file run-v6.txt (compact mmCIF, C-alpha atoms)
# COMPACT_ATOMS: atom_id res chain seq x y z
CA MET A 1 42.94 14.82 -92.59
CA SER A 2 40.76 13.83 -89.70
CA VAL A 3 40.78 15.37 -86.25
CA GLN A 4 42.34 12.20 -84.84
CA MET A 5 45.19 12.43 -87.29
CA GLY A 6 45.82 16.04 -86.34
CA PHE A 7 45.94 15.13 -82.65
CA PHE A 8 48.21 12.21 -83.39
CA ILE A 9 50.68 14.34 -85.32
CA ALA A 10 50.73 17.02 -82.61
CA LEU A 11 51.19 14.48 -79.81
CA ALA A 12 53.86 12.58 -81.74
CA ALA A 13 55.75 15.81 -82.39
CA ILE A 14 55.61 16.75 -78.70
CA THR A 15 56.70 13.24 -77.68
CA LEU A 16 59.68 13.13 -80.00
CA TRP A 17 60.76 16.70 -79.27
CA SER A 18 60.60 16.22 -75.49
CA GLY A 19 62.31 12.84 -75.85
CA TYR A 20 65.10 14.56 -77.73
CA MET A 21 65.30 17.21 -75.02
CA VAL A 22 65.63 14.49 -72.35
CA VAL A 23 68.84 13.49 -74.08
CA ALA A 24 70.06 16.93 -75.08
CA ALA A 25 68.94 19.32 -72.32
CA ARG A 26 71.89 20.93 -70.59
CA LEU A 27 70.41 20.93 -67.07
CA ILE A 28 69.35 17.55 -65.74
CA THR A 29 66.32 19.04 -63.93
CA HIS A 30 65.11 20.32 -67.30
CA ALA A 31 65.62 16.82 -68.73
CA ALA A 32 63.45 15.42 -65.92
CA PHE A 33 60.64 17.86 -66.70
CA TYR A 34 60.90 17.13 -70.42
CA MET A 35 60.62 13.44 -69.53
CA ALA A 36 57.38 14.16 -67.66
CA LEU A 37 56.12 16.07 -70.72
CA SER A 38 56.87 13.15 -73.01
CA PHE A 39 55.06 10.80 -70.60
CA VAL A 40 51.97 13.03 -70.66
CA SER A 41 51.92 13.20 -74.44
CA VAL A 42 52.31 9.42 -74.65
CA ALA A 43 49.26 9.27 -72.37
CA GLY A 44 47.42 11.35 -74.97
CA ILE A 45 48.42 8.84 -77.63
CA PHE A 46 47.07 6.06 -75.40
CA ILE A 47 43.72 7.85 -75.42
CA LEU A 48 43.83 7.88 -79.23
CA LEU A 49 44.33 4.10 -78.97
CA ASN A 50 41.19 3.66 -76.85
CA ALA A 51 43.21 2.83 -73.72
CA GLU A 52 41.80 5.29 -71.19
CA PHE A 53 42.82 3.26 -68.17
CA LEU A 54 46.43 3.05 -69.31
CA ALA A 55 46.42 6.77 -70.08
CA ALA A 56 45.31 7.52 -66.51
CA ALA A 57 47.85 5.05 -65.12
CA GLN A 58 50.54 6.61 -67.30
CA VAL A 59 49.84 10.08 -65.93
CA LEU A 60 49.64 8.79 -62.34
CA ILE A 61 52.61 6.44 -62.33
CA TYR A 62 55.01 7.89 -64.85
CA ALA A 63 54.33 11.61 -64.88
CA GLY A 64 53.32 11.58 -61.22
CA ALA A 65 55.44 9.08 -59.36
CA VAL A 66 58.49 8.28 -61.48
CA ALA A 67 59.17 11.88 -62.54
CA THR A 68 58.74 13.02 -58.95
CA ILE A 69 61.18 10.50 -57.48
CA ILE A 70 63.71 11.31 -60.21
CA ILE A 71 63.46 15.01 -59.36
CA PHE A 72 63.74 14.11 -55.66
CA ALA A 73 66.87 12.09 -56.39
CA ILE A 74 68.35 15.03 -58.29
CA MET A 75 67.62 17.37 -55.39
CA LEU A 76 68.85 14.94 -52.73
CA SER A 77 72.19 14.14 -54.30
CA ASN A 78 74.75 16.72 -53.36
CA VAL A 79 77.06 16.28 -56.32
CA ARG A 80 77.29 19.57 -58.18
CA GLU A 81 77.60 18.16 -61.67
CA ILE A 82 74.29 16.38 -61.35
CA ARG A 83 72.44 19.69 -61.39
CA SER A 84 74.14 21.33 -64.32
CA ASP A 85 76.94 20.80 -66.74
CA ALA A 86 77.94 24.42 -66.28
CA ASP A 87 79.22 23.74 -62.77
CA CYS A 88 81.64 21.06 -63.93
CA PRO A 89 85.29 21.44 -64.75
CA PRO A 90 85.82 22.12 -68.48
CA GLY A 91 86.87 18.59 -69.36
CA ILE A 92 83.54 17.18 -68.32
CA ILE A 93 81.57 19.76 -70.31
CA GLN A 94 83.33 18.61 -73.44
CA ARG A 95 82.62 14.99 -72.65
CA LEU A 96 78.95 15.57 -71.94
CA SER A 97 78.16 17.84 -74.85
CA LEU A 98 77.25 16.27 -78.12
CA ASN A 99 80.67 15.92 -79.68
CA LEU A 100 80.15 14.09 -82.93
CA ARG A 101 83.83 13.49 -83.52
CA SER A 102 84.28 11.47 -80.33
CA GLU A 103 83.62 7.81 -80.93
CA ARG A 104 82.46 6.69 -77.51
CA LEU A 105 80.42 9.77 -76.58
CA GLY A 106 79.30 11.10 -79.93
CA ILE A 107 78.91 9.48 -83.26
CA LEU A 108 78.52 5.83 -82.24
CA PRO A 109 75.45 6.08 -79.94
CA VAL A 110 73.73 8.42 -82.40
CA VAL A 111 74.39 6.00 -85.25
CA VAL A 112 73.07 3.09 -83.17
CA GLY A 113 69.89 4.99 -82.30
CA VAL A 114 69.26 6.16 -85.87
CA ILE A 115 69.94 2.72 -87.35
CA PHE A 116 67.59 1.11 -84.84
CA GLY A 117 64.80 3.58 -85.58
CA LEU A 118 65.17 3.26 -89.35
CA ALA A 119 65.47 -0.54 -89.33
CA MET A 120 62.35 -0.94 -87.19
CA ALA A 121 60.46 1.57 -89.35
CA TYR A 122 61.46 -0.44 -92.44
CA VAL A 123 60.29 -3.68 -90.82
CA TYR A 124 56.96 -2.11 -89.83
CA LEU A 125 56.39 -0.70 -93.31
CA LYS A 126 57.12 -4.06 -94.94
CA ALA A 127 55.13 -6.24 -92.53
CA GLY A 128 51.56 -6.75 -93.63
CA TRP A 129 49.50 -7.01 -90.49
CA THR A 130 45.80 -7.54 -90.88
CA THR A 131 44.45 -4.71 -88.81
CA ASN A 132 40.88 -4.34 -87.76
CA ALA A 133 39.40 -1.61 -89.93
CA GLN A 134 37.08 -0.10 -87.35
CA PRO A 135 38.00 -1.11 -83.81
CA ALA A 136 34.91 -1.20 -81.68
CA PHE A 137 34.67 1.02 -78.64
CA THR A 138 34.42 -1.05 -75.47
CA ASN A 139 34.59 -0.50 -71.75
CA THR A 140 38.34 -0.89 -71.42
CA THR A 141 38.75 -0.43 -67.68
CA ALA A 142 36.24 -3.09 -66.71
CA SER A 143 37.68 -5.58 -69.19
CA ILE A 144 41.24 -4.98 -67.98
CA GLY A 145 40.12 -5.51 -64.40
CA GLN A 146 38.39 -8.72 -65.41
CA GLU A 147 41.49 -10.02 -67.19
CA LEU A 148 43.82 -8.92 -64.41
CA PHE A 149 41.96 -10.75 -61.66
CA THR A 150 41.09 -13.93 -63.55
CA THR A 151 43.51 -14.89 -66.32
CA TYR A 152 46.46 -12.91 -65.01
CA ALA A 153 45.88 -13.29 -61.28
CA VAL A 154 49.23 -15.03 -60.64
CA PRO A 155 51.34 -12.50 -62.63
CA PHE A 156 49.43 -9.75 -60.84
CA GLU A 157 50.42 -11.15 -57.45
CA VAL A 158 54.01 -11.63 -58.60
CA ALA A 159 54.05 -7.99 -59.75
CA SER A 160 52.83 -6.82 -56.36
CA LEU A 161 55.54 -8.94 -54.73
CA LEU A 162 58.10 -7.34 -57.05
CA LEU A 163 56.94 -3.88 -55.98
CA LEU A 164 57.19 -4.87 -52.32
CA VAL A 165 60.72 -6.23 -52.82
CA ALA A 166 61.73 -3.07 -54.70
CA MET A 167 60.34 -0.87 -51.94
CA VAL A 168 62.14 -2.79 -49.19
CA GLY A 169 65.30 -2.86 -51.29
CA ALA A 170 65.24 0.89 -51.87
CA ILE A 171 64.78 1.51 -48.14
CA ILE A 172 67.57 -0.92 -47.20
CA LEU A 173 69.93 0.61 -49.77
CA THR A 174 69.50 4.15 -48.52
CA ILE A 175 69.66 3.43 -44.78
CA LYS A 176 72.60 5.28 -43.29
CA GLU A 177 75.09 2.95 -41.68
CA GLY A 178 76.00 3.67 -38.06
CA LYS A 179 74.18 6.26 -35.97
CA MET B 1 41.56 6.30 -88.73
CA ILE B 2 45.30 6.36 -88.10
CA PRO B 3 47.28 3.45 -89.58
CA LEU B 4 48.95 1.08 -87.12
CA THR B 5 52.33 1.75 -88.75
CA PHE B 6 52.33 5.38 -87.59
CA PHE B 7 52.17 4.35 -83.93
CA LEU B 8 54.83 1.70 -84.43
CA ILE B 9 57.20 4.12 -86.18
CA LEU B 10 56.67 6.70 -83.44
CA ALA B 11 57.53 4.04 -80.85
CA ALA B 12 60.61 2.96 -82.82
CA LEU B 13 61.86 6.55 -83.03
CA LEU B 14 61.24 7.06 -79.32
CA PHE B 15 63.12 3.85 -78.55
CA GLY B 16 66.00 4.96 -80.80
CA LEU B 17 66.17 8.26 -78.90
CA GLY B 18 66.27 6.31 -75.65
CA ILE B 19 69.09 4.03 -76.87
CA ALA B 20 71.12 6.97 -78.15
CA GLY B 21 70.63 8.85 -74.89
CA ALA B 22 71.49 5.89 -72.66
CA LEU B 23 74.70 5.32 -74.60
CA LEU B 24 75.57 8.99 -75.06
CA ARG B 25 75.12 10.29 -71.55
CA THR B 26 77.31 9.17 -68.68
CA ASN B 27 75.19 10.76 -65.98
CA ALA B 28 73.54 7.85 -64.18
CA ILE B 29 70.24 9.64 -63.56
CA ARG B 30 69.97 10.71 -67.18
CA MET B 31 70.65 7.15 -68.29
CA LEU B 32 67.79 6.04 -66.04
CA MET B 33 65.52 8.61 -67.66
CA CYS B 34 66.46 7.32 -71.12
CA ILE B 35 65.64 3.78 -70.00
CA GLU B 36 62.22 5.04 -68.90
CA LEU B 37 61.77 6.54 -72.37
CA MET B 38 62.55 3.17 -73.92
CA LEU B 39 60.05 1.37 -71.66
CA ASN B 40 57.48 3.96 -72.66
CA ALA B 41 58.09 3.22 -76.32
CA VAL B 42 57.59 -0.49 -75.64
CA ASN B 43 54.31 0.31 -73.88
CA LEU B 44 53.22 2.31 -76.90
CA ASN B 45 53.93 -0.66 -79.16
CA LEU B 46 52.02 -3.04 -76.88
CA VAL B 47 48.96 -0.80 -76.70
CA ALA B 48 48.97 -0.16 -80.45
CA PHE B 49 49.14 -3.89 -81.21
CA SER B 50 46.46 -4.60 -78.63
CA HIS B 51 44.19 -2.01 -80.21
CA TYR B 52 44.68 -2.91 -83.85
CA ILE B 53 45.48 -6.63 -83.97
CA THR B 54 43.35 -8.01 -81.14
CA PRO B 55 40.57 -5.50 -80.46
CA GLY B 56 38.33 -6.54 -77.61
CA VAL B 57 41.11 -8.60 -76.01
CA PHE B 58 43.24 -6.64 -73.60
CA ARG B 59 46.37 -8.77 -73.31
CA GLY B 60 48.60 -6.03 -74.68
CA GLN B 61 47.26 -3.51 -72.20
CA VAL B 62 47.66 -5.92 -69.27
CA LEU B 63 51.26 -6.53 -70.35
CA ALA B 64 51.76 -2.75 -70.54
CA ILE B 65 50.58 -2.51 -66.91
CA PHE B 66 53.21 -5.07 -65.90
CA VAL B 67 55.85 -3.08 -67.82
CA MET B 68 54.80 -0.03 -65.78
CA VAL B 69 55.20 -2.03 -62.56
CA VAL B 70 58.70 -3.10 -63.55
CA ALA B 71 59.58 0.46 -64.61
CA ALA B 72 58.47 1.84 -61.24
CA ALA B 73 60.44 -0.83 -59.35
CA GLU B 74 63.48 -0.19 -61.51
CA ALA B 75 63.30 3.56 -60.95
CA ALA B 76 63.01 3.14 -57.18
CA VAL B 77 65.93 0.70 -56.83
CA GLY B 78 68.06 2.49 -59.44
CA LEU B 79 67.66 5.86 -57.79
CA ALA B 80 68.41 4.34 -54.38
CA ILE B 81 71.65 2.91 -55.80
CA ILE B 82 72.52 6.27 -57.41
CA LEU B 83 71.84 8.14 -54.15
CA GLU B 84 74.08 5.73 -52.28
CA LEU B 85 76.74 6.18 -54.96
CA THR B 86 76.70 9.95 -54.64
CA ARG B 87 76.75 9.68 -50.87
CA LYS B 88 79.65 7.25 -50.66
CA ARG B 89 81.81 8.16 -53.63
CA LYS B 90 80.64 11.67 -54.61
CA VAL B 91 80.33 10.78 -58.29
CA ILE B 92 77.37 10.42 -60.61
CA ASP B 93 79.34 9.80 -63.80
CA VAL B 94 79.22 6.11 -64.69
CA ASP B 95 82.55 6.40 -66.49
CA ARG B 96 84.16 7.22 -63.16
CA THR B 97 82.60 4.43 -61.14
CA THR B 98 84.93 1.73 -62.32
CA LEU B 99 85.33 -0.26 -59.12
CA LEU B 100 83.81 -3.41 -60.62
CA LYS B 101 85.67 -3.17 -63.91
CA TRP B 102 88.72 -5.17 -62.86
call {"tool": "encode", "arguments": {"input": "run-v6.txt", "output": "structure tokens"}}
result
Amino acid sequence: MSVQMGFFIALAAITLWSGYMVVAARLITHAAFYMALSFVSVAGIFILLNAEFLAAAQVLIYAGAVATIIIFAIMLSNVREIRSDADCPPGIIQRLSLNLRSERLGILPVVVGVIFGLAMAYVYLKAGWTTNAQPAFTNTTASIGQELFTTYAVPFEVASLLLLVAMVGAIILTIKEGK
Amino acid sequence: MIPLTFFLILAALLFGLGIAGALLRTNAIRMLMCIELMLNAVNLNLVAFSHYITPGVFRGQVLAIFVMVVAAAEAAVGLAIILELTRKRKVIDVDRTTLLKW
């Protein structure tokens, strides 16, 4: 087993475990931190895939920005149940905990997730892609910049417009009405 | 050398976790987190394909950057909507925000 394989298995285990904890953690703040952990370990997997730029962007955007604004939203919303299931009335605890006998909130979503994962794994194992045996190491960041500003210049501008619209929309949505 | 299939199966499992979480949880913020997990799995697939199928061409990685842009925009607008929801109606449970159901 090569060193790469060892790193891959460790990172995959961390990713899946923290992804599971995002779903299953009792406190939503813990779920947010587990989400950041899974983002960081996916960034490690990006490095294994020779995508350094994306790994850096993943840490900056996902683990940095998205996780932070989710934690901010948790702190800013004053609803008690958002912080912990323990503060809720007993009925809600039962609905939020993993009750496998309940159809809507237990067995059905789990079955859907498991079936999806297994079906896709089966497809991937059966599909015979011709993969490059030894991918060459190249300067990824420069090449991505080249592509982004030549071939994909228009999508790039549209993406920046989308970000601007999202920013303005978020500000407009959270403006308090009246003074 | 790690086979391509390993990355793809990892991404599929991560996506399955995200689907299960988004359907299982009724807390709006946790659903948003599960959607981010799913987008992450898609990014993983794109980068793996880009690395193994078309090495030297970075289309998959460029597409992954656009997925990140959309994920960031979605998180910002989604959290703004959720904040407004908690401010106006004092609920975060999507099962109890049924105003548009009728």
call {"tool": "closest_residue", "arguments": {"input": "run-v6.txt", "among": "A:Val111, A:Ser77, A:Ala170, A:Val158", "to": "Ile29 of chain B", "atoms": "only C-alpha atoms"}}
result
A:Ser77
call {"tool": "residues_around", "arguments": {"input": "run-v6.txt", "residues": "segment 44-49 of chain A", "least_positions_apart": "3", "cutoff": "12 Å", "atoms": "all atoms listed in the file", "output": "PyMOL selection string"}}
result
(chain A and resi 3-15+37-41+52-59+134-138+140) or (chain B and resi 1-4+6-8+10-11+40-41+43-53+55+60-61+64)
call {"tool": "closest_residue", "arguments": {"input": "run-v6.txt", "among": "A:Ala127, A:Ala51, A:Ala67, A:Lys176", "to": "Ala142 of chain A", "atoms": "all atoms listed in the file"}}
result
A:Ala51
call {"tool": "residues_around", "arguments": {"input": "run-v6.txt", "residues": "Leu37 of chain B", "least_positions_apart": "2", "cutoff": "9 Å", "atoms": "all atoms listed in the file", "output": "list in words"}}
result
Gly19, Val22, Met35, Ser38 and Phe39 of chain A; Leu14, Phe15, Leu17, Gly18, Ile19, Leu32, Met33, Cys34, Ile35, Leu39, Asn40, Ala41 and Val42 of chain B
call {"tool": "atom_distance", "arguments": {"input": "run-v6.txt", "atom1": "atom CA of Ile107 of chain A", "atom2": "atom CA of Ala12 of chain B"}}
result
19.4 Å
call {"tool": "closest_residue", "arguments": {"input": "run-v6.txt", "among": "A:Leu108, A:Ala36, A:Ala166, A:Met21", "to": "chain B", "atoms": "all atoms listed in the file"}}
result
A:Ala166
call {"tool": "atom_distance", "arguments": {"input": "run-v6.txt", "atom1": "atom CA of Ser160 of chain A", "atom2": "atom CA of Val69 of chain B"}}
result
8.2 Å
call {"tool": "closest_residue", "arguments": {"input": "run-v6.txt", "among": "B:Leu100, B:Val77, B:Ile82, B:Met38", "to": "chain A", "atoms": "only C-alpha atoms"}}
result
B:Val77
call {"tool": "atom_distance", "arguments": {"input": "run-v6.txt", "atom1": "atom CA of Gly117 of chain A", "atom2": "atom CA of Tyr20 of chain A"}}
result
13.5 Å
call {"tool": "closest_residue", "arguments": {"input": "run-v6.txt", "among": "B:Ile65, B:Thr54, B:Asp93, B:Ala28", "to": "Leu79 of chain B", "atoms": "all atoms listed in the file"}}
result
B:Ala28
call {"tool": "residues_around", "arguments": {"input": "run-v6.txt", "residues": "segment 95-97 of chain B", "least_positions_apart": "3", "cutoff": "9 Å", "atoms": "all atoms listed in the file", "output": "PyMOL selection string"}}
result
chain B and resi 26-27+85+89+91-92+100-101
call {"tool": "closest_residue", "arguments": {"input": "run-v6.txt", "among": "A:Leu161, A:Val154, A:Val110, A:Val66", "to": "Glu74 of chain B", "atoms": "all atoms listed in the file"}}
result
A:Val66
